[in-house]
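Colleague: Structure in structure tokens, see below.
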There are 2 protein chains.
Amino acid sequence: MADQIKVFLNEDEIPRQWYNIQADLPHPLPPPLGPDGKPVTPDKLAPVFPMNLIEQEMSTERWIDIPEPVLEKLLLWRPSPLCRARALEKALGTPARIYYKNEGVSPAGSHKPNTAVAQAYYNKVFGINRLTTETGAGQWGCALSFACSLFGMHCRVYMVRISFDQKPYRKLMMQAWGGECLPSPSENTEVGRRILDDDPDTPGALGIAISEAIEDCVKSKDTRYSLGSVLNHVLLHQTIIGLEAQKQMEKISEYPDVVIGCCGGGSNFAGISFPYIRDKIHGKNLRVVGVEPTACPTLTKAPYVYDHGDTAGMTPLLAMHSLGHTFVPKPIHAGGLRYHGMAPLVSHVLREGLMEAAAIHQIECYEAAVLWARTEGHIPAPETSHAIAQAIREAKRAKEEGKEKVILFNWSGHGLMDLAGYDAYLQGHLHDYHLSDEDMKKSISSTESYPKPPSL
Amino acid sequence: MADQIKVFLNEDEIPRQWYNIQADLPHPLPPPLGPDGKPVTPDKLAPVFPMNLIEQEMSTERWIDIPEPVLEKLLLWRPSPLCRARALEKALGTPARIYYKNEGVSPAGSHKPNTAVAQAYYNKVFGINRLTTETGAGQWGCALSFACSLFGMHCRVYMVRISFDQKPYRKLMMQAWGGECLPSPSENTEVGRRILDDDPDTPGALGIAISEAIEDCVKSKDTRYSLGSVLNHVLLHQTIIGLEAQKQMEKISEYPDVVIGCCGGGSNFAGISFPYIRDKIHGKNLRVVGVEPTACPTLTKAPYVYDHGDTAGMTPLLAMHSLGHTFVPKPIHAGGLRYHGMAPLVSHVLREGLMEAAAIHQIECYEAAVLWARTEGHIPAPETSHAIAQAIREAKRAKEEGKEKVILFNWSGHGLMDLAGYDAYLQGHLHDYHLSDEDMKKSISSTESYPKPPSL
């Protein structure tokens, strides 16, 4: 049975509830704190998020129903296939069986629409007809534009100017779905105008784009703001990945020895792994590995602190592994993994000893990505290549140990919009970056005055 | 049952033979002719194609086994899903049920790898380690680079210079799979150097790129040339699309009233439709519609003649609908449909009255594509949008007539590499082009001295 290459689920086998790991955590998640150092209350978030999503953010219910209209839209591309990477196994000569969940089949090309569709829906039923957001590399802006088009909502995306200029196709994708994409900083907001006054040629930054999206949201009628990772409700919406994978693995009588996801803000990793971490909490014997770039070693190197989710310090303080909100990662091509912090839930799970973390240099990741493309076919996103590189490490170890290990990883998206990195790699122009202890100390010092999270 | 959105086939349900329509044609296909006006013999083609593919080109066997190593590679993405476009149906308010075969799930993003993998394999077992080809918009160059990477073969693609410059991501895709992509005309060939001497700034043309690829092939050791459409064996390899669709429709107890494919060289149309045309020949009552751009109306307007397959006149004469090998279509965005001729088998099937043809303007096609993207999600290729536009026409007619029509079409590929056309459409910059009778008379005059195909 384990011979099968692709495992599909029928429409009626799609999971009908999301899994909320908060219900099973050995210790509760430390709450987000407001400027006064006290836990944030729902009303404080109301200008930015609709109340139904704020409730979901704070819920500790184990299972949360996926609304029917959300399911209907997810079914446009879900359940996503679970595939076995037999050609890669052969190329590696490994006794390991490598499975991957292919999230690249979504219209936007990644896992991001899983939460974009849910967030658009919850805003819509709350009476909101317009969402603002920011995007760096462009994956999230595309996903939210797509989701808004399905519900007839307006979407405005502030895209970091340097990406806006370098990746014109991302903007065109958003526009095809009716989204509006502006280079940030823009003339649309006070913060944007101020920054442009100082430096008309600024390349922009994610922190600025977040500030513009929030300012636009707060000032506009019927508008809320939407975030593509980090927060609890975003991770919740992604658990459909792991829940489907569990059903699919069961169909072929397989169970993973190791589950792998790449980690930027944490949502695709949480999506594949949290249902398995639940098994682990209940005594199952398996390893769960989050993989990040060595250039942005949040899980493997950064302290667990209270810090802002954005560069400008506009969000509440979140308890998480963070390199400091002023940290600017080196220009690796995996833009989606260049984030100074890590989802509070993922950070907490690491603290609880329920997962491991690994950091990999980008050249090893591109090596893995090219081997993948030339054996399995699809060209992976630079972010996804980190999960592939770790899967290959595990498969090679299985070969050395002569073990029939079962590996499962999340193939989070395709790289068709990110081919410049492949070009740089193939031409030998890529650099690996290492964060020194000294530089980290410097960047983390911005959090020194903040409250400290409770110890376990 | 017809409620289901996606119909999958398991690995062991994939068709194991291709369908050769030549076995069922009421009248035999007129043979290709050499420069002497006589039917071309296999040995004449041997410097350009391997003998196993030449035999396949000329075979009249009804069923041809798909070699196991080809099946193994096709299984990387096949069987492709059959999906129902319920969101589009709702948006149109039609009683029709619209099904589509999603060929966009292949690594190269279109149906092209179905034949690229087969051609690479047949060359490989014939002892060939290197293929040359040309590409216009880039779809075919990507597909062949991908296929060659799977068999460890070298692939050199001559890409029309203006596309090479306008679509840099296409070249990067080919390179990720180890393919070599050169702008054509190049300094690599005599014909290229000659043309560059005359005009160093020439934008190039598909005819020139074909000449370069053939010259490179004929001059090199262990090298053959590969074509992405038009020829019989190419269409044969694509019939797996329709054969899968038949199995999938049967699973949900559906049978199409109308089958639709867009037509450039003819291969994706033949892929979805030939197995159904077989049913038609055996008495089934259904319509089969090929859709082409009004700017390049080969099936709807051009005469049935003997003409060259390439602009430079290097190929044998093929009996087909042709606008004349010197015809240069207006710059519509569906580059894959800008071909002066039409596959001899498709042309013959039209003559036999076994299919209909329709021509649609590009603005109506982009309208259809945007409606598709905003309801069904995936952004279609400009070529695919022609099939969507026809499906929408059929669905609207079903609504007018109050009929529960079943529509099936081939969603031949995604448009993520072709977003510039969407931008032009959304900004209102697109033009529709109509070919006047006078202009056609002029372009077709280049075939006047050639032999005439026999009448039916």
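Chain identifiers are assigned as A, B, and so on, following the order in which chains appear in the structure tokens; residues are numbered from 1 within each chain, and ligands are numbered from 1 in order of appearance.
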Taking only C-alpha atoms into account, report as a list in words which residues of chain B lie within 6 Å of chain A.
Modeller: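 Listing them in order of chain and number gives Pro107, Ser149, Leu150, Trp177, Arg374, Thr375, Gly377 and His378 of chain B.
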Colleague: Running DSSP on the backbone, which parts of stretch 223-392 of chain B land in strand (DSSP E), as a short mmCIF file (atom, residue, chain, number, x, y, z; two decimals) with N, CA, C and O atoms, in the first residue's frame?
Modeller:
```cif
data_model
loop_
_atom_site.label_atom_id
_atom_site.label_comp_id
_atom_site.auth_asym_id
_atom_site.auth_seq_id
_atom_site.Cartn_x
_atom_site.Cartn_y
_atom_site.Cartn_z
N THR B 223 22.13 13.98 -31.41
CA THR B 223 21.14 15.01 -31.16
C THR B 223 19.95 14.83 -32.10
O THR B 223 20.12 14.47 -33.26
N ARG B 224 18.76 15.05 -31.58
CA ARG B 224 17.58 15.10 -32.44
C ARG B 224 16.78 16.35 -32.08
O ARG B 224 17.12 17.05 -31.13
N TYR B 225 15.76 16.56 -32.88
CA TYR B 225 14.92 17.76 -32.76
C TYR B 225 13.56 17.33 -32.23
O TYR B 225 13.11 16.20 -32.47
N VAL B 258 -21.09 18.53 -24.97
CA VAL B 258 -20.16 19.26 -25.82
C VAL B 258 -18.77 19.21 -25.17
O VAL B 258 -18.64 19.35 -23.95
N VAL B 259 -17.76 18.97 -26.01
CA VAL B 259 -16.36 18.92 -25.57
C VAL B 259 -15.61 20.05 -26.27
O VAL B 259 -15.74 20.22 -27.49
N ILE B 260 -14.83 20.82 -25.48
CA ILE B 260 -14.21 22.06 -25.99
C ILE B 260 -12.70 22.08 -25.72
O ILE B 260 -12.27 21.71 -24.63
N GLY B 261 -11.94 22.54 -26.70
CA GLY B 261 -10.51 22.77 -26.48
C GLY B 261 -10.07 23.95 -27.32
O GLY B 261 -10.65 24.20 -28.40
N CYS B 262 -9.05 24.70 -26.84
CA CYS B 262 -8.53 25.77 -27.68
C CYS B 262 -7.56 25.17 -28.70
O CYS B 262 -6.99 24.11 -28.48
N ARG B 287 -21.31 17.14 -29.44
CA ARG B 287 -20.63 18.14 -30.25
C ARG B 287 -19.20 18.29 -29.73
O ARG B 287 -18.93 18.18 -28.54
N VAL B 288 -18.30 18.56 -30.66
CA VAL B 288 -16.89 18.80 -30.31
C VAL B 288 -16.49 20.13 -30.94
O VAL B 288 -16.67 20.30 -32.15
N VAL B 289 -15.99 21.07 -30.11
CA VAL B 289 -15.71 22.42 -30.62
C VAL B 289 -14.25 22.82 -30.38
O VAL B 289 -13.78 22.80 -29.24
N GLY B 290 -13.57 23.18 -31.45
CA GLY B 290 -12.23 23.75 -31.35
C GLY B 290 -12.33 25.27 -31.40
O GLY B 290 -13.07 25.80 -32.23
N VAL B 291 -11.59 25.96 -30.53
CA VAL B 291 -11.71 27.42 -30.43
C VAL B 291 -10.38 28.08 -30.75
O VAL B 291 -9.35 27.73 -30.18
N GLU B 292 -10.42 29.04 -31.64
CA GLU B 292 -9.20 29.73 -32.04
C GLU B 292 -9.42 31.23 -31.93
O GLU B 292 -10.55 31.71 -31.84
N PRO B 293 -8.33 32.02 -31.96
CA PRO B 293 -8.48 33.47 -31.91
C PRO B 293 -8.94 34.00 -33.27
O PRO B 293 -8.50 33.50 -34.31
N TYR B 304 -8.01 24.43 -46.93
CA TYR B 304 -7.32 23.16 -46.66
C TYR B 304 -6.35 22.93 -47.80
O TYR B 304 -6.77 22.74 -48.96
N VAL B 305 -5.05 23.00 -47.50
CA VAL B 305 -4.02 22.97 -48.55
C VAL B 305 -2.83 22.12 -48.10
O VAL B 305 -2.80 21.65 -46.96
N TYR B 306 -1.89 21.92 -48.98
CA TYR B 306 -0.57 21.44 -48.57
C TYR B 306 0.30 22.65 -48.27
O TYR B 306 0.38 23.58 -49.10
N ASP B 307 0.93 22.67 -47.09
CA ASP B 307 1.78 23.81 -46.74
C ASP B 307 2.88 23.33 -45.78
O ASP B 307 2.77 22.27 -45.16
N HIS B 308 3.90 24.15 -45.66
CA HIS B 308 4.98 23.85 -44.72
C HIS B 308 4.53 24.09 -43.27
O HIS B 308 3.71 24.99 -43.02
N LEU B 317 5.71 19.07 -46.69
CA LEU B 317 4.39 19.70 -46.88
C LEU B 317 3.35 18.87 -46.14
O LEU B 317 3.30 17.64 -46.27
N LEU B 318 2.53 19.55 -45.34
CA LEU B 318 1.49 18.89 -44.56
C LEU B 318 0.12 19.29 -45.09
O LEU B 318 -0.08 20.47 -45.42
N ALA B 319 -0.79 18.33 -45.18
CA ALA B 319 -2.16 18.64 -45.61
C ALA B 319 -2.92 19.19 -44.41
O ALA B 319 -3.15 18.47 -43.44
N MET B 320 -3.27 20.47 -44.49
CA MET B 320 -3.88 21.10 -43.30
C MET B 320 -4.57 22.42 -43.65
O MET B 320 -4.35 22.99 -44.72
N HIS B 321 -5.39 22.89 -42.73
CA HIS B 321 -5.89 24.25 -42.84
C HIS B 321 -4.72 25.19 -42.54
O HIS B 321 -4.05 25.03 -41.52
N GLU B 356 -16.69 20.99 -34.81
CA GLU B 356 -16.99 22.35 -35.25
C GLU B 356 -15.83 23.24 -34.85
O GLU B 356 -15.02 22.87 -34.00
N ALA B 357 -15.79 24.43 -35.42
CA ALA B 357 -14.76 25.39 -35.01
C ALA B 357 -15.41 26.73 -34.71
O ALA B 357 -16.41 27.10 -35.34
N ALA B 358 -14.85 27.44 -33.74
CA ALA B 358 -15.32 28.78 -33.40
C ALA B 358 -14.11 29.69 -33.26
O ALA B 358 -13.03 29.25 -32.88
N ALA B 359 -14.30 30.97 -33.59
CA ALA B 359 -13.23 31.96 -33.40
C ALA B 359 -13.75 33.03 -32.44
O ALA B 359 -14.89 33.48 -32.58
N ILE B 360 -12.92 33.40 -31.47
CA ILE B 360 -13.35 34.38 -30.47
C ILE B 360 -12.29 35.47 -30.35
O ILE B 360 -11.09 35.19 -30.38
#
```
Colleague: Counting only C-alpha atoms, what is within 12 Å of stretch 294-298 of chain B, bar same-chain residues fewer than 5 positions away, as a compact mmCIF listing (two decimals) with C-alpha atoms, in the first residue's frame?
Modeller:
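Writing done, so here's around-v1.txt:
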```
# COMPACT_ATOMS: atom_id res chain seq x y z
CA CYS B 262 -8.53 25.77 -27.68
CA CYS B 263 -6.61 25.33 -30.94
CA GLY B 264 -3.12 26.60 -31.74
CA GLY B 265 -1.12 23.76 -33.26
CA GLY B 266 -3.92 21.42 -32.20
CA PRO B 303 -8.37 26.82 -46.90
CA TYR B 304 -7.32 23.16 -46.66
CA VAL B 305 -4.02 22.97 -48.55
CA MET B 320 -3.88 21.10 -43.30
CA HIS B 321 -5.89 24.25 -42.84
CA SER B 322 -3.33 26.99 -43.26
CA LEU B 323 -3.18 30.75 -43.58
CA GLY B 324 0.09 30.32 -45.47
CA HIS B 325 3.50 29.72 -43.92
CA PHE B 327 1.43 34.55 -42.36
CA VAL B 328 2.34 36.67 -39.34
CA PRO B 329 -0.56 36.87 -36.85
CA LYS B 330 -1.29 40.11 -35.03
CA PRO B 331 0.27 40.39 -31.56
CA ILE B 332 -2.52 38.84 -29.46
CA HIS B 333 -1.41 37.66 -26.02
CA ALA B 334 -2.26 33.99 -26.61
CA GLY B 335 1.15 33.31 -28.16
CA GLY B 336 0.49 29.59 -28.30
CA LEU B 337 -2.44 30.14 -30.68
CA ARG B 338 -0.49 32.32 -33.11
CA TYR B 339 0.28 29.55 -35.61
CA HIS B 340 -0.36 29.78 -39.33
CA GLY B 341 -1.39 26.13 -39.73
CA MET B 342 -3.29 23.44 -37.83
CA ALA B 343 -2.37 19.84 -37.02
CA PRO B 344 -3.13 17.65 -40.08
CA VAL B 346 -7.33 18.15 -36.50
CA SER B 347 -7.72 19.67 -39.97
CA LEU B 350 -12.88 19.10 -39.28
CA ALA B 357 -14.76 25.39 -35.01
CA ALA B 358 -15.32 28.78 -33.40
CA ALA B 359 -13.23 31.96 -33.40
CA ILE B 360 -13.35 34.38 -30.47
CA HIS B 361 -11.85 37.85 -30.01
CA GLN B 362 -9.25 38.22 -27.27
CA ILE B 363 -11.17 40.80 -25.22
CA GLU B 364 -14.08 38.36 -24.77
CA CYS B 365 -11.49 35.73 -23.77
CA HIS B 386 -10.43 30.75 -25.39
CA HIS B 431 -7.25 45.43 -29.19
CA ASP B 432 -9.30 42.91 -31.11
CA TYR B 433 -8.01 41.93 -34.52
CA HIS B 434 -9.94 40.72 -37.51
CA LEU B 435 -8.31 39.11 -40.53
CA SER B 436 -9.74 40.51 -43.76
CA ASP B 437 -10.43 38.20 -46.73
CA ASP B 439 -5.14 39.87 -46.29
CA MET B 440 -5.79 36.15 -46.11
CA SER B 443 -0.82 35.27 -47.19
CA ILE B 444 -2.23 32.04 -48.60
```
